[in-house]
Structures are given as structure tokens and as C-alpha cells.
file data_32.cif (mmCIF, C-alpha atoms)
data_model
loop_
_atom_site.label_atom_id
_atom_site.label_comp_id
_atom_site.auth_asym_id
_atom_site.auth_seq_id
_atom_site.Cartn_x
_atom_site.Cartn_y
_atom_site.Cartn_z
CA MET A 1 18.41 74.38 49.84
CA ILE A 2 16.29 76.42 47.40
CA LEU A 3 18.12 77.31 44.21
CA ASN A 4 15.71 79.44 42.20
CA ASP A 5 15.60 83.09 41.18
CA VAL A 6 12.27 84.79 41.91
CA ASN A 7 12.14 88.53 41.39
CA PRO A 8 10.85 90.22 44.55
CA ASN A 9 8.33 92.22 42.51
CA ALA A 10 6.67 89.12 41.07
CA LYS A 11 3.22 88.51 42.56
CA ILE A 12 3.07 84.91 43.75
CA GLY A 13 -0.20 83.50 45.08
CA LYS A 14 -0.82 81.16 47.98
CA ASP A 15 0.49 77.60 48.00
CA VAL A 16 2.53 78.10 44.82
CA VAL A 17 5.34 75.56 44.42
CA ILE A 18 8.48 76.73 42.61
CA GLY A 19 11.14 74.17 41.73
CA ASN A 20 14.90 74.53 41.80
CA PHE A 21 16.71 76.40 39.02
CA THR A 22 13.50 78.15 37.94
CA THR A 23 13.67 81.86 37.07
CA ILE A 24 10.69 84.18 37.51
CA HIS A 25 11.17 87.75 36.31
CA ASP A 26 9.60 91.06 37.31
CA ASP A 27 6.01 91.84 36.23
CA VAL A 28 4.80 88.26 36.64
CA VAL A 29 1.58 87.17 38.34
CA ILE A 30 1.05 83.53 39.37
CA GLY A 31 -2.25 82.36 40.89
CA ASP A 32 -2.86 80.23 43.94
CA GLY A 33 -1.95 76.57 43.92
CA THR A 34 0.12 76.61 40.74
CA ILE A 35 3.11 74.29 40.50
CA ILE A 36 6.20 75.50 38.64
CA GLU A 37 8.67 72.64 38.29
CA PRO A 38 12.48 72.99 38.01
CA ASN A 39 14.21 74.69 35.08
CA VAL A 40 11.27 76.84 33.99
CA VAL A 41 11.71 80.45 32.86
CA ILE A 42 8.83 82.91 33.20
CA TYR A 43 9.47 86.30 31.62
CA PRO A 44 7.85 89.71 32.25
CA GLY A 45 4.24 90.07 31.18
CA ALA A 46 3.20 86.57 32.26
CA ARG A 47 -0.20 86.26 33.91
CA ILE A 48 -0.71 82.68 35.06
CA GLY A 49 -3.91 81.55 36.76
CA LYS A 50 -4.73 79.18 39.59
CA ASN A 51 -3.88 75.49 39.87
CA CYS A 52 -1.74 75.31 36.76
CA HIS A 53 1.13 72.83 36.45
CA ILE A 54 4.14 73.85 34.38
CA PHE A 55 6.74 71.16 33.73
CA PRO A 56 10.54 71.45 33.37
CA GLY A 57 12.09 73.27 30.45
CA SER A 58 9.06 75.40 29.59
CA VAL A 59 9.51 79.08 28.71
CA ILE A 60 6.54 81.39 29.27
CA SER A 61 6.12 84.97 27.97
CA ALA A 62 9.41 85.25 26.09
CA VAL A 63 9.52 88.03 23.48
CA PRO A 64 7.91 87.13 20.15
CA GLN A 65 9.84 85.53 17.31
CA ASP A 66 8.70 88.38 15.08
CA LEU A 67 11.14 90.74 13.38
CA LYS A 68 8.57 93.55 13.62
CA PHE A 69 8.56 93.37 17.42
CA ALA A 70 10.08 96.59 18.76
CA GLY A 71 10.05 95.96 22.49
CA GLU A 72 6.50 97.19 23.09
CA TYR A 73 4.78 96.21 26.33
CA THR A 74 2.65 93.09 25.88
CA THR A 75 1.46 90.13 27.94
CA CYS A 76 1.04 86.37 27.93
CA GLU A 77 -2.17 85.46 29.77
CA ILE A 78 -2.76 81.86 30.88
CA GLY A 79 -5.96 80.88 32.67
CA ASP A 80 -6.68 78.35 35.41
CA ASN A 81 -6.12 74.58 35.61
CA ASN A 82 -3.76 74.33 32.66
CA VAL A 83 -1.14 71.61 32.33
CA ILE A 84 1.91 72.71 30.33
CA ARG A 85 4.27 69.82 29.80
CA GLU A 86 8.03 69.69 29.22
CA CYS A 87 9.73 72.28 27.01
CA CYS A 88 6.63 74.17 25.87
CA THR A 89 7.14 77.74 24.65
CA ILE A 90 4.40 80.36 24.84
CA ASN A 91 5.41 83.82 23.58
CA ARG A 92 3.84 87.10 24.61
CA GLY A 93 1.99 89.31 22.14
CA THR A 94 3.01 92.11 19.81
CA SER A 95 1.48 95.52 19.15
CA ALA A 96 -1.01 93.79 16.82
CA SER A 97 -3.18 92.65 19.74
CA GLY A 98 -1.04 93.23 22.81
CA ARG A 99 -1.35 89.75 24.23
CA THR A 100 -1.24 86.01 23.77
CA VAL A 101 -4.08 84.18 25.55
CA ILE A 102 -4.52 80.61 26.75
CA GLY A 103 -7.89 79.81 28.36
CA ASN A 104 -8.72 77.33 31.10
CA ASN A 105 -8.39 73.55 31.54
CA ASN A 106 -6.03 72.97 28.62
CA LEU A 107 -3.34 70.32 28.18
CA LEU A 108 -0.29 71.35 26.17
CA MET A 109 1.91 68.29 25.75
CA ALA A 110 5.69 68.34 25.42
CA TYR A 111 7.34 70.75 22.98
CA VAL A 112 4.14 72.59 22.02
CA HIS A 113 4.76 76.12 20.71
CA VAL A 114 2.17 78.91 20.88
CA ALA A 115 3.38 82.03 19.10
CA HIS A 116 2.58 85.70 19.62
CA ASP A 117 -0.98 87.03 19.55
CA CYS A 118 -2.63 83.60 19.52
CA VAL A 119 -5.90 83.09 21.39
CA VAL A 120 -6.66 79.56 22.59
CA GLY A 121 -10.00 78.65 24.20
CA ASP A 122 -10.82 76.18 26.97
CA HIS A 123 -10.51 72.38 27.30
CA CYS A 124 -8.08 72.01 24.38
CA VAL A 125 -5.47 69.27 23.99
CA PHE A 126 -2.40 69.99 21.87
CA ALA A 127 -0.39 66.80 21.45
CA ASN A 128 3.42 66.67 21.35
CA ASN A 129 5.14 69.15 19.02
CA ALA A 130 1.94 70.86 17.87
CA THR A 131 2.91 74.33 16.69
CA LEU A 132 0.86 77.50 16.33
CA ALA A 133 2.30 80.39 14.32
CA GLY A 134 1.25 83.94 15.17
CA HIS A 135 -2.25 85.41 15.30
CA ILE A 136 -4.12 82.08 15.36
CA ILE A 137 -7.52 81.73 17.02
CA VAL A 138 -8.46 78.31 18.42
CA GLY A 139 -11.91 77.57 19.85
CA ASP A 140 -12.88 75.36 22.78
CA TRP A 141 -12.46 71.56 22.98
CA VAL A 142 -9.97 71.43 20.10
CA ILE A 143 -7.60 68.46 19.81
CA LEU A 144 -4.50 68.95 17.65
CA GLY A 145 -2.68 65.73 16.77
CA GLY A 146 1.03 65.44 17.38
CA LYS A 147 3.24 67.54 15.09
CA THR A 148 0.30 69.51 13.73
CA ALA A 149 1.62 72.78 12.27
CA CYS A 150 -0.70 75.77 11.87
CA LEU A 151 -0.08 78.70 9.50
CA GLN A 152 -0.35 82.22 10.87
CA PHE A 153 -3.75 83.96 10.99
CA ILE A 154 -5.86 80.83 10.61
CA HIS A 155 -8.94 80.12 12.71
CA ILE A 156 -9.81 76.70 14.13
CA GLY A 157 -13.39 76.26 15.31
CA SER A 158 -14.54 74.58 18.50
CA HIS A 159 -14.74 70.77 18.79
CA VAL A 160 -12.25 70.19 15.95
CA ILE A 161 -9.85 67.24 15.93
CA THR A 162 -6.88 67.01 13.55
CA MET A 163 -4.78 64.10 12.39
CA GLY A 164 -1.21 63.92 13.67
CA GLY A 165 1.28 65.54 11.33
CA SER A 166 -1.30 67.85 9.77
CA LEU A 167 -0.30 71.07 8.05
CA ILE A 168 -3.17 73.52 8.48
CA THR A 169 -3.12 76.38 5.98
CA LYS A 170 -6.86 77.17 5.83
CA ASP A 171 -9.53 77.82 8.43
CA VAL A 172 -11.05 74.69 9.96
CA PRO A 173 -14.76 75.12 10.81
CA PRO A 174 -16.28 73.86 14.08
CA PHE A 175 -17.29 70.27 14.85
CA VAL A 176 -15.18 68.55 12.18
CA LYS A 177 -12.34 66.09 11.78
CA ALA A 178 -9.51 67.30 9.54
CA ALA A 179 -6.97 64.91 8.00
CA ARG A 180 -5.06 63.80 4.89
CA PHE A 181 -2.49 65.66 2.75
CA PRO A 182 -3.28 68.39 1.91
CA ILE A 183 -5.58 68.69 4.89
CA THR A 184 -9.26 68.28 4.11
CA TYR A 185 -12.62 67.72 5.75
CA ALA A 186 -12.80 64.12 6.99
CA GLY A 187 -16.25 64.02 8.57
CA ILE A 188 -17.69 65.43 11.75
CA ASN A 189 -16.21 64.82 15.18
CA SER A 190 -19.23 62.77 16.23
CA LEU A 191 -17.46 60.83 19.00
CA GLY A 192 -16.21 64.02 20.64
CA LEU A 193 -19.63 65.63 20.34
CA HIS A 194 -21.33 62.63 21.95
CA ARG A 195 -18.83 62.74 24.82
CA ARG A 196 -19.58 66.42 25.39
CA GLY A 197 -23.33 65.92 25.63
CA PHE A 198 -24.52 67.00 22.19
CA SER A 199 -27.94 65.54 21.38
CA GLN A 200 -28.35 63.17 18.47
CA GLU A 201 -30.51 65.79 16.78
CA ALA A 202 -27.72 68.36 17.03
CA ILE A 203 -25.17 65.89 15.67
CA ASN A 204 -27.50 65.01 12.79
CA ASN A 205 -27.89 68.72 12.03
CA ILE A 206 -24.12 69.20 11.98
CA SER A 207 -23.69 66.23 9.66
CA SER A 208 -26.33 67.59 7.26
CA ILE A 209 -24.79 71.08 7.33
CA TYR A 210 -21.38 69.80 6.32
CA ARG A 211 -22.84 67.50 3.70
CA ILE A 212 -24.16 70.65 2.05
CA ILE A 213 -20.92 72.60 2.48
CA PHE A 214 -18.39 69.93 1.54
CA GLN A 215 -20.17 67.19 -0.40
CA SER A 216 -22.97 68.80 -2.41
CA GLY A 217 -20.79 70.22 -5.18
CA LEU A 218 -22.08 73.73 -4.46
CA THR A 219 -19.78 76.74 -4.20
CA VAL A 220 -19.25 77.92 -0.65
CA SER A 221 -21.48 80.96 -1.19
CA HIS A 222 -24.34 78.86 -2.55
CA ALA A 223 -23.83 76.24 0.17
CA VAL A 224 -24.04 78.98 2.80
CA GLU A 225 -27.37 80.14 1.39
CA GLU A 226 -28.76 76.61 1.55
CA VAL A 227 -27.51 76.13 5.12
CA LYS A 228 -29.13 79.43 6.08
CA GLU A 229 -32.44 78.29 4.61
CA LYS A 230 -32.46 74.82 6.17
CA PHE A 231 -30.49 75.20 9.40
CA GLY A 232 -30.10 78.91 10.05
CA HIS A 233 -32.56 78.70 12.95
CA THR A 234 -30.52 76.05 14.82
CA ASP A 235 -27.66 76.71 17.23
CA GLU A 236 -25.38 74.48 15.14
CA GLY A 237 -26.24 76.33 11.94
CA LYS A 238 -25.67 79.71 13.56
CA GLN A 239 -22.23 78.66 14.82
CA VAL A 240 -21.11 77.29 11.46
CA LEU A 241 -22.44 80.28 9.51
CA SER A 242 -20.82 82.72 11.93
CA PHE A 243 -17.47 80.95 11.57
CA ILE A 244 -17.63 80.94 7.76
CA GLY A 245 -18.65 84.60 7.73
CA SER A 246 -15.51 85.56 9.65
CA ALA A 247 -13.09 83.15 7.94
CA ASN A 248 -9.68 84.73 7.37
CA THR A 249 -7.99 82.41 4.92
CA GLY A 250 -10.79 80.43 3.28
CA LEU A 251 -11.99 77.00 4.40
CA ILE A 252 -10.27 73.65 4.13
CA LYS A 253 -11.60 71.66 1.19
CA GLY A 254 -13.92 68.68 1.13
CA TYR A 255 -12.42 65.27 0.46
CA SER A 256 -12.09 64.12 -3.14
CA SER A 257 -10.80 60.71 -4.25
CA ASP A 258 -9.01 62.52 -7.08
CA LYS A 259 -6.57 64.16 -4.63
#
call {"tool": "encode", "arguments": {"input": "data_32.cif", "output": "C-alpha cells"}}
result
Amino acid sequence: MILNDVNPNAKIGKDVVIGNFTTIHDDVVIGDGTIIEPNVVIYPGARIGKNCHIFPGSVISAVPQDLKFAGEYTTCEIGDNNVIRECCTINRGTSASGRTVIGNNNLLMAYVHVAHDCVVGDHCVFANNATLAGHIIVGDWVILGGKTACLQFIHIGSHVITMGGSLITKDVPPFVKAARFPITYAGINSLGLHRRGFSQEAINNISSIYRIIFQSGLTVSHAVEEVKEKFGHTDEGKQVLSFIGSANTGLIKGYSSDK
């Protein structure tokens, strides 16, 4: 006996599996081959791609936890091949951007929260209890350690890895490890970059760029000028400089033994 509640106006693709005691509201689209396990709630505005797997207790596209939200029409857009483990919550957007976005091929472990108007890239792993406040932008291939908490409006660049239990209150530039209390630069994510096919030359460039930014003693503005002069022609330099140029909240600091 099937004991779920699927609104007849929801658009369900081919070979979708929907478990018992799951509720799917109106104005929901679910792509082919997606598995929705028991006790999931999917609210209006959800757009879920192909071959996703959503585990029990998750709540997708609920209204934002934002007192300014006034019932405006918004969406929660989730791409293909995502695994969303037990009790994750992903809220839909507000009038600020109109949508919350999760890319493709991500793993959100148990109890992850992604708040309104966040944009998450592809191939990310958010470990248990990682929490994103509103309006956060996360690049591709980002790994957030368990219980990482991210302040609203921050940006996290691609290929970043954070220590479990981190509190991120400043923008984290691409290719780095971030750790300690308060969170600081802890080197480049060389292992992750090797695994993803970066050349040794590119990794050496990234290391030299961040040595200038975080370990030279220069102000950020002067460090940026030096990076432009020495590495502005490289793909790695262009990515780092572009990120710093659009930083919302200032960068995390370099490590100091005095902290």
C-alpha cells in the first residue's frame, strides 16, 4: 500500500521513486530517476533534477527563515545527481534574488542547512551539520567540514576545504585550506588540486600567489598589485584576483603565531 501525498499538479519524471509518508506539494518538478525516500516534504517552488537521492526527514523549498519574507513567489532549484542525506533543509529564495540554487553532483550529509538565496556550485561536499546562512555563494569542489557555520553574504571560492567546526565570517578565496579559531588561511588545498588534475606548475603558482597575499606582510591592496604583476597572466592568478575584486566581507586573515 502506498501512503504518500503527491499533488496531482506536481510534475514527476520517469522512474521516480517516492517513499511512504512523503508529501510533494503543487508547483514541484522532479527529474527522471530521482529517489525520494520516506518522510520527505517538498514544498512549492522546488525544481529537482535527474538522478538525485533525497533521504528521510529532508525538507526542500520551505519558506525562508527571514522575517522580511512576505510570501513572494520564489524557487529552490537543485540540479542533477545530488545526494541529500537525512534531515537536510534547503529553503527557497526571497525577493532579493528569487531563488536558492544547488548545482550538480553534490553531497549534502545529514542535517545540512542551506538558507534562502544561497548559490552552491558543483561537486561540493558539506559534511554533517554544515550550515549556510542566507545569500552565500559557494564555488565548485568545496568541502565544508562537519559543523562548519557560515555567516550570511560571504563568498567561498572553488576548491576550498574547511576544518570541522569552523565559523566562517569572511570570504574564503579559491584553492585554500581554512582552519583554526578564528578561521584563517592554513595553506593551499594541494591534495585536492592534485586529485582534480591541476598541474604542478599551476599548484606552484597558487602557492606563490598566496604567499604574497597572506605571508608577505603586505596590505591586501599592495599584495594584489604584486600578484597582478607576477601572476596576472595565469589562469590561477586571474581566478584569485577576480575573487578578491568581488569580495563582499573582506578576506580571512593569514595565520599568525601570535593569535
call {"tool": "resolve_selection", "arguments": {"input": "data_32.cif", "expression": "the PyMOL selection byres ((chain A and resi 168) around 10)", "output": "PyMOL selection string"}}
result
chain A and resi 132+148-152+154-156+162+165-167+169-172+178-179+181-184+252
call {"tool": "resolve_selection", "arguments": {"input": "data_32.cif", "expression": "the PyMOL selection byres ((chain A and resi 236) around 12)", "output": "PyMOL selection string"}}
result
chain A and resi 158-159+173-175+193+198-199+201-210+227-228+230-235+237-243
call {"tool": "resolve_selection", "arguments": {"input": "data_32.cif", "expression": "the PyMOL selection byres ((chain A and resi 15-18) around 8)", "output": "CSV table (one decimal) with C-alpha atoms, in the coordinates of the input"}}
result
chain,number,residue,atom,x,y,z
A,4,ASN,CA,15.7,79.4,42.2
A,12,ILE,CA,3.1,84.9,43.8
A,13,GLY,CA,-0.2,83.5,45.1
A,14,LYS,CA,-0.8,81.2,48.0
A,19,GLY,CA,11.1,74.2,41.7
A,20,ASN,CA,14.9,74.5,41.8
A,22,THR,CA,13.5,78.2,37.9
A,30,ILE,CA,1.0,83.5,39.4
A,31,GLY,CA,-2.2,82.4,40.9
A,32,ASP,CA,-2.9,80.2,43.9
A,33,GLY,CA,-2.0,76.6,43.9
A,34,THR,CA,0.1,76.6,40.7
A,35,ILE,CA,3.1,74.3,40.5
A,36,ILE,CA,6.2,75.5,38.6
A,37,GLU,CA,8.7,72.6,38.3
A,38,PRO,CA,12.5,73.0,38.0
call {"tool": "residues_around", "arguments": {"input": "data_32.cif", "residues": "A:Thr23", "least_positions_apart": "5", "cutoff": "12 Å", "atoms": "all atoms listed in the file", "output": "number ranges by chain"}}
result
A: 2-8, 10, 18, 28, 36-44, 56-60
call {"tool": "atom_distance", "arguments": {"input": "data_32.cif", "atom1": "atom CA of A:Asp66", "atom2": "atom CA of A:Val114"}}
result
12.9 Å
call {"tool": "closest_atom_pairs", "arguments": {"input": "data_32.cif", "of": "stretch 143-230 of chain A", "to": "stretch 88-106 of chain A", "cutoff": "12 Å", "atoms": "only C-alpha atoms", "output": "JSON lines"}}
result
{"residue": "A:Ile143", "atom": "CA", "partner": "A:Asn106", "partner_atom": "CA", "distance": 10.0}
{"residue": "A:Leu144", "atom": "CA", "partner": "A:Asn106", "partner_atom": "CA", "distance": 11.8}
{"residue": "A:Phe153", "atom": "CA", "partner": "A:Ala96", "partner_atom": "CA", "distance": 11.8}
call {"tool": "atom_distance", "arguments": {"input": "data_32.cif", "atom1": "atom CA of A:Val176", "atom2": "atom CA of A:Ile161"}}
result
6.6 Å
call {"tool": "atom_distance", "arguments": {"input": "data_32.cif", "atom1": "atom CA of A:Ile213", "atom2": "atom CA of A:Cys124"}}
result
25.4 Å
